[in-house]
Amino acid sequence: MGFLMQYTDKVLKHFTNSRNIGEILDADGVGNVGSPDCGDTLRVWIKVADEHLVDIKYKVFGCPAAVACCSMMIELAMGKHIDEAAELTDDQVAAALGGLPEQKYHCSNLAASGLYDAIMSYALKSHRQDKIVSLSVLVENTAIEGFSSEHGLSFWIEYGGKHILFDTGQSDLVAQNAKKLKVDLSQTDAIILSHGHYDHTGGLKAVLDEAPDAMIYLHPDAPKVRYSRKPPKPPRQISMPQACCQALSDAVPKGKVVYTPQPHRIYPGVMVTGAIPRITEYEDTGGAFYDDPEGTLADEIADDQALLIETPQGLVIILGCAHSGVVNTLHYAAKLSGQKRIYAVIGGMHLLNASAGRIEKTIEALKDYGVQKVAPCHCTGAETVEKIKTTFPEQYLACSAGTHIPL
Ligand SMILES: [Zn+2]
Ligand SMILES: [Zn+2]
Ligand SMILES: [Zn+2]
């Protein structure tokens, strides 16, 4: 208990009179976090009404500092809107306690992270009432008659009164095809960038020209410079184009850019995954991707994220390229949503260069999750698409530019 000497009065007060220890049996969300270094673990239960935190309880196994952090977290978060509460950080909790001893800082300071986890677990399952009104393909490698195609991807989604653009293709084709589909891009509320590759972000400027007030959600690594190498061809830069990086930087001071290194709730029932944990040993990024033209620094494409949408039929997963691996993405989506079954998987699977074994395992995972609609496209690879089509004849949906995907 020698550490007690180093605690502020506030820490000691919150430790000795800690608030809200316990459990909520009919909780709306549950969060679990642990510190691998010292074994402190925390479980947080929340009760939500009208999008506000009406009750928070926790159980913590750790030192006085861990307990005090939880107690302070409750003081800071109770009654708040869940989006506001989700912004609370562990640093803010420590600051509100007047600081923590250096050696306690990382292990004990889990309260805001635990609350965040609980809010994210609530974010999806609470909104099964909204249907996807429309899911249209604006850009894809193929197009139906009357539409143009390019190597790239962009989906238009209408859900819960919001207009969401997932990726932007590689050029202003997104705007041309949108017009033909009678999609009004000026109504865009949110632009989700699955990752920074040019074929997903190159249309960003064209979209922002029409929808300057749209919010943009991307992982902080998405704008980085990156290359693909296919010797003997010279290395090719495949980053977000300069004009789009500029449009993105211009949107930052307007408060329109949200970086999503971790899961982020965009609207009720809509979430981006942020970085996806790489768990399977048979999945990789799917190509020769590097941070440098010489090919010495592998690009893990940490910015790869998927979009999750909760619907009355079940969970819908939208993929950009799935550089994290389709199976890793399915596992993470299941964890985040708290669901064992996945209704639909739509988008690029980047299995062009994948081994037969990996493709088999991907198909197995789609079966295991009971997927009822599957629309592999973009960089999935023709052979893999064919395999998915024959394995899932009833569930398979075509996904060319100009089509509406029926869900
Ligand atoms: Zn990519
Ligand atoms: Zn791809
Ligand atoms: Zn791509």
# chains A, B, ... in the order shown; residues from 1 in each chain; ligands from 1
>>> select_by_dssp(residues="region 150-398 of chain A", states="strand (DSSP E)", output="ChimeraX atom specification")
/A:154-159,162-166,190-192,215-218,227-228,236-237,257-259,264-267,270-272,289-290,307-311,314-319,344-348,373-377
>>> write_last_selection(atoms="C-alpha atoms", output="PDB file, in the first residue's frame")
ATOM      1  CA  SER A 154     -18.294   3.213 -54.256  1.00  0.00           C
ATOM      2  CA  PHE A 155     -21.660   2.428 -52.659  1.00  0.00           C
ATOM      3  CA  TRP A 156     -24.571   4.756 -51.928  1.00  0.00           C
ATOM      4  CA  ILE A 157     -26.585   3.770 -48.855  1.00  0.00           C
ATOM      5  CA  GLU A 158     -29.797   5.266 -47.496  1.00  0.00           C
ATOM      6  CA  TYR A 159     -30.546   4.187 -43.957  1.00  0.00           C
ATOM      7  CA  LYS A 162     -29.197   9.352 -43.553  1.00  0.00           C
ATOM      8  CA  HIS A 163     -27.299   9.271 -46.848  1.00  0.00           C
ATOM      9  CA  ILE A 164     -24.005   7.447 -46.598  1.00  0.00           C
ATOM     10  CA  LEU A 165     -21.342   7.162 -49.279  1.00  0.00           C
ATOM     11  CA  PHE A 166     -18.972   4.237 -48.755  1.00  0.00           C
ATOM     12  CA  ALA A 190     -21.353  10.844 -44.235  1.00  0.00           C
ATOM     13  CA  ILE A 191     -18.470   9.655 -46.389  1.00  0.00           C
ATOM     14  CA  ILE A 192     -16.771   6.488 -45.152  1.00  0.00           C
ATOM     15  CA  MET A 215     -18.686  14.283 -42.489  1.00  0.00           C
ATOM     16  CA  ILE A 216     -15.702  12.152 -43.466  1.00  0.00           C
ATOM     17  CA  TYR A 217     -14.721   9.024 -41.503  1.00  0.00           C
ATOM     18  CA  LEU A 218     -11.324   7.432 -42.060  1.00  0.00           C
ATOM     19  CA  TYR A 227       3.264   1.857 -53.119  1.00  0.00           C
ATOM     20  CA  SER A 228       2.589  -1.442 -54.793  1.00  0.00           C
ATOM     21  CA  ARG A 236       3.559   2.360 -58.423  1.00  0.00           C
ATOM     22  CA  GLN A 237       2.260   4.948 -55.987  1.00  0.00           C
ATOM     23  CA  VAL A 257     -13.170  14.859 -40.393  1.00  0.00           C
ATOM     24  CA  VAL A 258     -13.392  12.046 -37.856  1.00  0.00           C
ATOM     25  CA  TYR A 259     -10.425   9.703 -37.533  1.00  0.00           C
ATOM     26  CA  HIS A 264     -16.831   4.383 -34.123  1.00  0.00           C
ATOM     27  CA  ARG A 265     -20.580   4.771 -34.023  1.00  0.00           C
ATOM     28  CA  ILE A 266     -21.637   6.973 -36.930  1.00  0.00           C
ATOM     29  CA  TYR A 267     -25.419   6.879 -36.500  1.00  0.00           C
ATOM     30  CA  VAL A 270     -24.234   2.304 -38.186  1.00  0.00           C
ATOM     31  CA  MET A 271     -20.619   1.724 -37.175  1.00  0.00           C
ATOM     32  CA  VAL A 272     -17.186   1.628 -38.728  1.00  0.00           C
ATOM     33  CA  PHE A 289       2.150  -3.274 -50.597  1.00  0.00           C
ATOM     34  CA  TYR A 290       4.900  -1.046 -49.207  1.00  0.00           C
ATOM     35  CA  LEU A 307     -18.899  -0.586 -42.326  1.00  0.00           C
ATOM     36  CA  LEU A 308     -21.466  -2.390 -40.169  1.00  0.00           C
ATOM     37  CA  ILE A 309     -25.173  -1.703 -40.444  1.00  0.00           C
ATOM     38  CA  GLU A 310     -27.852  -3.238 -38.261  1.00  0.00           C
ATOM     39  CA  THR A 311     -31.101  -4.109 -40.035  1.00  0.00           C
ATOM     40  CA  GLY A 314     -29.547  -8.902 -39.437  1.00  0.00           C
ATOM     41  CA  LEU A 315     -26.083  -7.451 -39.668  1.00  0.00           C
ATOM     42  CA  VAL A 316     -24.865  -6.076 -43.013  1.00  0.00           C
ATOM     43  CA  ILE A 317     -21.088  -5.793 -43.570  1.00  0.00           C
ATOM     44  CA  ILE A 318     -19.724  -3.554 -46.313  1.00  0.00           C
ATOM     45  CA  LEU A 319     -16.109  -4.167 -47.334  1.00  0.00           C
ATOM     46  CA  ALA A 344     -25.048  -9.866 -45.706  1.00  0.00           C
ATOM     47  CA  VAL A 345     -21.459  -9.321 -46.868  1.00  0.00           C
ATOM     48  CA  ILE A 346     -20.938  -6.899 -49.739  1.00  0.00           C
ATOM     49  CA  GLY A 347     -17.793  -5.498 -51.342  1.00  0.00           C
ATOM     50  CA  GLY A 348     -14.199  -6.193 -52.321  1.00  0.00           C
ATOM     51  CA  LYS A 373     -26.672 -12.391 -49.093  1.00  0.00           C
ATOM     52  CA  VAL A 374     -23.180 -12.187 -50.512  1.00  0.00           C
ATOM     53  CA  ALA A 375     -22.017  -9.724 -53.149  1.00  0.00           C
ATOM     54  CA  PRO A 376     -18.289 -10.185 -53.774  1.00  0.00           C
ATOM     55  CA  CYS A 377     -16.948  -7.641 -56.235  1.00  0.00           C
TER      56      CYS A 377
END
>>> residues_around(residues="Thr8 (chain A)", least_positions_apart="5", cutoff="8 Å", atoms="only C-alpha atoms", output="count of residues only")
4
>>> residues_near_ligand(ligand="ligand 1", cutoff="7 Å", atoms="only C-alpha atoms and all ligand atoms", output="JSON, numbers by chain")
{"A": [195, 197, 321, 323]}
>>> write_last_selection(atoms="N, CA and C atoms", output="CSV table (one decimal), in the first residue's frame")
chain,number,residue,atom,x,y,z
A,195,HIS,N,-10.3,2.6,-46.8
A,195,HIS,CA,-8.8,2.7,-46.7
A,195,HIS,C,-8.3,3.7,-47.7
A,197,HIS,N,-6.3,3.6,-50.4
A,197,HIS,CA,-5.9,3.3,-51.8
A,197,HIS,C,-6.7,4.2,-52.7
A,321,CYS,N,-11.8,-3.3,-49.5
A,321,CYS,CA,-10.9,-4.3,-50.1
A,321,CYS,C,-10.7,-5.5,-49.1
A,323,HIS,N,-8.5,-5.8,-46.9
A,323,HIS,CA,-7.0,-6.1,-46.7
A,323,HIS,C,-6.7,-6.7,-45.4
>>> residues_around(residues="region 50-66 of chain A", least_positions_apart="4", cutoff="6 Å", atoms="only C-alpha atoms", output="compact mmCIF listing (two decimals) with C-alpha atoms, in the first residue's frame")
# COMPACT_ATOMS: atom_id res chain seq x y z
CA PHE A 15 -11.28 5.01 -3.94
CA ASN A 20 -21.62 2.57 -8.64
CA ILE A 21 -19.69 -0.65 -8.07
CA GLY A 22 -21.92 -3.53 -9.16
CA GLU A 23 -23.61 -5.01 -12.15
CA ASP A 40 -6.10 -5.33 -13.96
CA THR A 41 -9.45 -6.10 -15.53
CA LEU A 42 -12.61 -4.07 -15.80
CA ARG A 43 -16.18 -4.82 -16.82
CA VAL A 44 -18.61 -1.95 -17.41
CA TRP A 45 -22.40 -2.21 -17.76
CA ILE A 46 -24.53 0.60 -19.17
CA MET A 78 -23.41 9.73 -16.19
CA GLY A 79 -26.38 11.33 -17.92
CA LYS A 80 -24.40 12.22 -21.02
CA HIS A 81 -25.43 11.47 -24.60
CA ILE A 82 -23.65 8.27 -25.63
CA SER A 108 -5.00 1.26 -13.85
CA ASN A 109 -6.35 3.78 -16.26
>>> residues_near_ligand(ligand="ligand 2", cutoff="9 Å", atoms="only C-alpha atoms and all ligand atoms", output="short mmCIF file (atom, residue, chain, number, x, y, z; two decimals) with N, CA and C atoms, in the first residue's frame")
data_model
loop_
_atom_site.label_atom_id
_atom_site.label_comp_id
_atom_site.auth_asym_id
_atom_site.auth_seq_id
_atom_site.Cartn_x
_atom_site.Cartn_y
_atom_site.Cartn_z
N GLY A 152 -12.30 0.32 -59.07
CA GLY A 152 -12.60 1.13 -57.89
C GLY A 152 -13.93 0.70 -57.31
N HIS A 197 -6.29 3.60 -50.38
CA HIS A 197 -5.91 3.33 -51.78
C HIS A 197 -6.69 4.22 -52.75
N ASP A 199 -8.07 3.85 -55.51
CA ASP A 199 -9.30 3.39 -56.18
C ASP A 199 -10.52 3.46 -55.26
N THR A 285 -2.45 -9.08 -46.45
CA THR A 285 -3.07 -7.91 -47.09
C THR A 285 -3.43 -8.18 -48.54
N GLY A 286 -2.90 -9.26 -49.11
CA GLY A 286 -3.32 -9.66 -50.45
C GLY A 286 -2.50 -9.07 -51.59
N GLY A 287 -1.39 -8.43 -51.29
CA GLY A 287 -0.60 -7.87 -52.38
C GLY A 287 0.77 -7.44 -51.90
N GLY A 320 -14.41 -2.65 -48.20
CA GLY A 320 -13.73 -1.92 -49.26
C GLY A 320 -12.90 -2.90 -50.06
N CYS A 321 -11.76 -3.29 -49.50
CA CYS A 321 -10.90 -4.31 -50.10
C CYS A 321 -10.69 -5.48 -49.15
N ALA A 322 -11.07 -5.31 -47.90
CA ALA A 322 -10.83 -6.35 -46.89
C ALA A 322 -9.36 -6.75 -46.83
N HIS A 323 -8.47 -5.75 -46.85
CA HIS A 323 -7.04 -6.06 -46.75
C HIS A 323 -6.70 -6.72 -45.40
N GLY A 348 -15.44 -5.61 -51.83
CA GLY A 348 -14.20 -6.19 -52.32
C GLY A 348 -13.58 -7.13 -51.30
N MET A 349 -13.11 -8.28 -51.76
CA MET A 349 -12.53 -9.27 -50.84
C MET A 349 -11.03 -9.47 -51.08
N HIS A 350 -10.50 -8.83 -52.09
CA HIS A 350 -9.07 -8.87 -52.41
C HIS A 350 -8.47 -10.27 -52.30
N LEU A 351 -9.05 -11.20 -53.06
CA LEU A 351 -8.57 -12.59 -53.04
C LEU A 351 -7.95 -12.97 -54.37
N LEU A 352 -7.59 -11.95 -55.15
CA LEU A 352 -7.02 -12.13 -56.48
C LEU A 352 -5.81 -13.06 -56.47
N HIS A 378 -15.38 -5.99 -57.07
CA HIS A 378 -14.16 -5.19 -57.14
C HIS A 378 -12.91 -6.07 -57.26
N CYS A 379 -12.13 -6.26 -56.20
CA CYS A 379 -10.86 -6.98 -56.31
C CYS A 379 -10.97 -8.40 -55.77
N THR A 380 -12.19 -8.96 -55.73
CA THR A 380 -12.35 -10.31 -55.19
C THR A 380 -11.63 -11.33 -56.08
#
>>> closest_residue(among="A:Gly357, A:Pro232, A:Gly381, A:Gly160", to="ligand 3", atoms="only C-alpha atoms and all ligand atoms")
A:Gly381
>>> atom_distance(atom1="CA of Tyr369 (chain A)", atom2="CA of Ser194 (chain A)")
22.1 Å
>>> closest_residue(among="A:Glu300, A:Glu150, A:Asp284, A:Asp172", to="ligand 3", atoms="only C-alpha atoms and all ligand atoms")
A:Glu150
>>> residues_around(residues="Val30 (chain A)", least_positions_apart="2", cutoff="9 Å", atoms="only C-alpha atoms", output="VMD selection string")
chain A and resid 27 to 28 32 43 to 46 114 to 115 117 to 122
>>> select_by_dssp(residues="region 121-337 of chain A", states="helix (DSSP H, G or I)", output="ChimeraX atom specification")
/A:121-125,173-180,185-187,198-201,204-210,242-251,326-337
>>> write_last_selection(atoms="C-alpha atoms", output="PDB file, in the first residue's frame")
ATOM      1  CA  SER A 121     -21.454  -2.991 -27.804  1.00  0.00           C
ATOM      2  CA  TYR A 122     -24.729  -1.076 -27.443  1.00  0.00           C
ATOM      3  CA  ALA A 123     -24.309   0.920 -30.645  1.00  0.00           C
ATOM      4  CA  LEU A 124     -25.401  -1.736 -33.101  1.00  0.00           C
ATOM      5  CA  LYS A 125     -27.772  -4.093 -31.382  1.00  0.00           C
ATOM      6  CA  LEU A 173     -16.965   8.833 -62.322  1.00  0.00           C
ATOM      7  CA  VAL A 174     -18.746   8.530 -58.970  1.00  0.00           C
ATOM      8  CA  ALA A 175     -20.538  11.825 -59.686  1.00  0.00           C
ATOM      9  CA  GLN A 176     -21.432  10.861 -63.260  1.00  0.00           C
ATOM     10  CA  ASN A 177     -22.877   7.489 -62.308  1.00  0.00           C
ATOM     11  CA  ALA A 178     -24.683   9.054 -59.335  1.00  0.00           C
ATOM     12  CA  LYS A 179     -26.512  11.421 -61.706  1.00  0.00           C
ATOM     13  CA  LYS A 180     -27.569   8.540 -63.923  1.00  0.00           C
ATOM     14  CA  LEU A 185     -24.650  13.472 -53.872  1.00  0.00           C
ATOM     15  CA  SER A 186     -25.288  16.921 -52.357  1.00  0.00           C
ATOM     16  CA  GLN A 187     -27.412  15.087 -49.779  1.00  0.00           C
ATOM     17  CA  TYR A 198      -6.532   5.603 -54.781  1.00  0.00           C
ATOM     18  CA  ASP A 199      -9.298   3.390 -56.181  1.00  0.00           C
ATOM     19  CA  HIS A 200     -11.406   4.034 -53.037  1.00  0.00           C
ATOM     20  CA  THR A 201     -10.524   7.664 -52.353  1.00  0.00           C
ATOM     21  CA  LEU A 204     -13.326  12.324 -52.743  1.00  0.00           C
ATOM     22  CA  LYS A 205     -12.794  15.787 -54.181  1.00  0.00           C
ATOM     23  CA  ALA A 206     -15.605  15.367 -56.727  1.00  0.00           C
ATOM     24  CA  VAL A 207     -17.944  14.285 -53.918  1.00  0.00           C
ATOM     25  CA  LEU A 208     -16.912  17.101 -51.563  1.00  0.00           C
ATOM     26  CA  ASP A 209     -17.451  19.625 -54.381  1.00  0.00           C
ATOM     27  CA  GLU A 210     -21.109  18.560 -54.324  1.00  0.00           C
ATOM     28  CA  GLN A 242      -2.970  14.820 -53.883  1.00  0.00           C
ATOM     29  CA  ALA A 243      -6.129  16.819 -54.709  1.00  0.00           C
ATOM     30  CA  CYS A 244      -8.115  14.555 -52.389  1.00  0.00           C
ATOM     31  CA  CYS A 245      -5.542  14.841 -49.569  1.00  0.00           C
ATOM     32  CA  GLN A 246      -5.882  18.614 -49.974  1.00  0.00           C
ATOM     33  CA  ALA A 247      -9.712  18.473 -49.905  1.00  0.00           C
ATOM     34  CA  LEU A 248      -9.414  16.329 -46.778  1.00  0.00           C
ATOM     35  CA  SER A 249      -7.022  18.776 -45.049  1.00  0.00           C
ATOM     36  CA  ASP A 250      -9.376  21.641 -45.922  1.00  0.00           C
ATOM     37  CA  ALA A 251     -12.244  19.792 -44.226  1.00  0.00           C
ATOM     38  CA  VAL A 326     -12.440 -11.305 -44.950  1.00  0.00           C
ATOM     39  CA  VAL A 327     -12.439 -13.852 -42.124  1.00  0.00           C
ATOM     40  CA  ASN A 328     -10.752 -11.444 -39.691  1.00  0.00           C
ATOM     41  CA  THR A 329     -13.367  -8.859 -40.659  1.00  0.00           C
ATOM     42  CA  LEU A 330     -16.269 -11.274 -40.116  1.00  0.00           C
ATOM     43  CA  HIS A 331     -14.887 -12.293 -36.704  1.00  0.00           C
ATOM     44  CA  TYR A 332     -14.458  -8.683 -35.619  1.00  0.00           C
ATOM     45  CA  ALA A 333     -17.905  -7.657 -36.884  1.00  0.00           C
ATOM     46  CA  ALA A 334     -19.427 -10.547 -34.941  1.00  0.00           C
ATOM     47  CA  LYS A 335     -17.588  -9.482 -31.808  1.00  0.00           C
ATOM     48  CA  LEU A 336     -18.519  -5.804 -32.141  1.00  0.00           C
ATOM     49  CA  SER A 337     -22.171  -6.536 -32.857  1.00  0.00           C
TER      50      SER A 337
END
>>> atom_distance(atom1="CA of Ala306 (chain A)", atom2="CA of Asp213 (chain A)")
22.6 Å
>>> atom_distance(atom1="CA of Tyr7 (chain A)", atom2="CA of Glu102 (chain A)")
10.4 Å
>>> closest_residue(among="A:Leu12, A:Gly203, A:Gln170, A:Leu193", to="Ile238 (chain A)", atoms="only C-alpha atoms")
A:Gln170
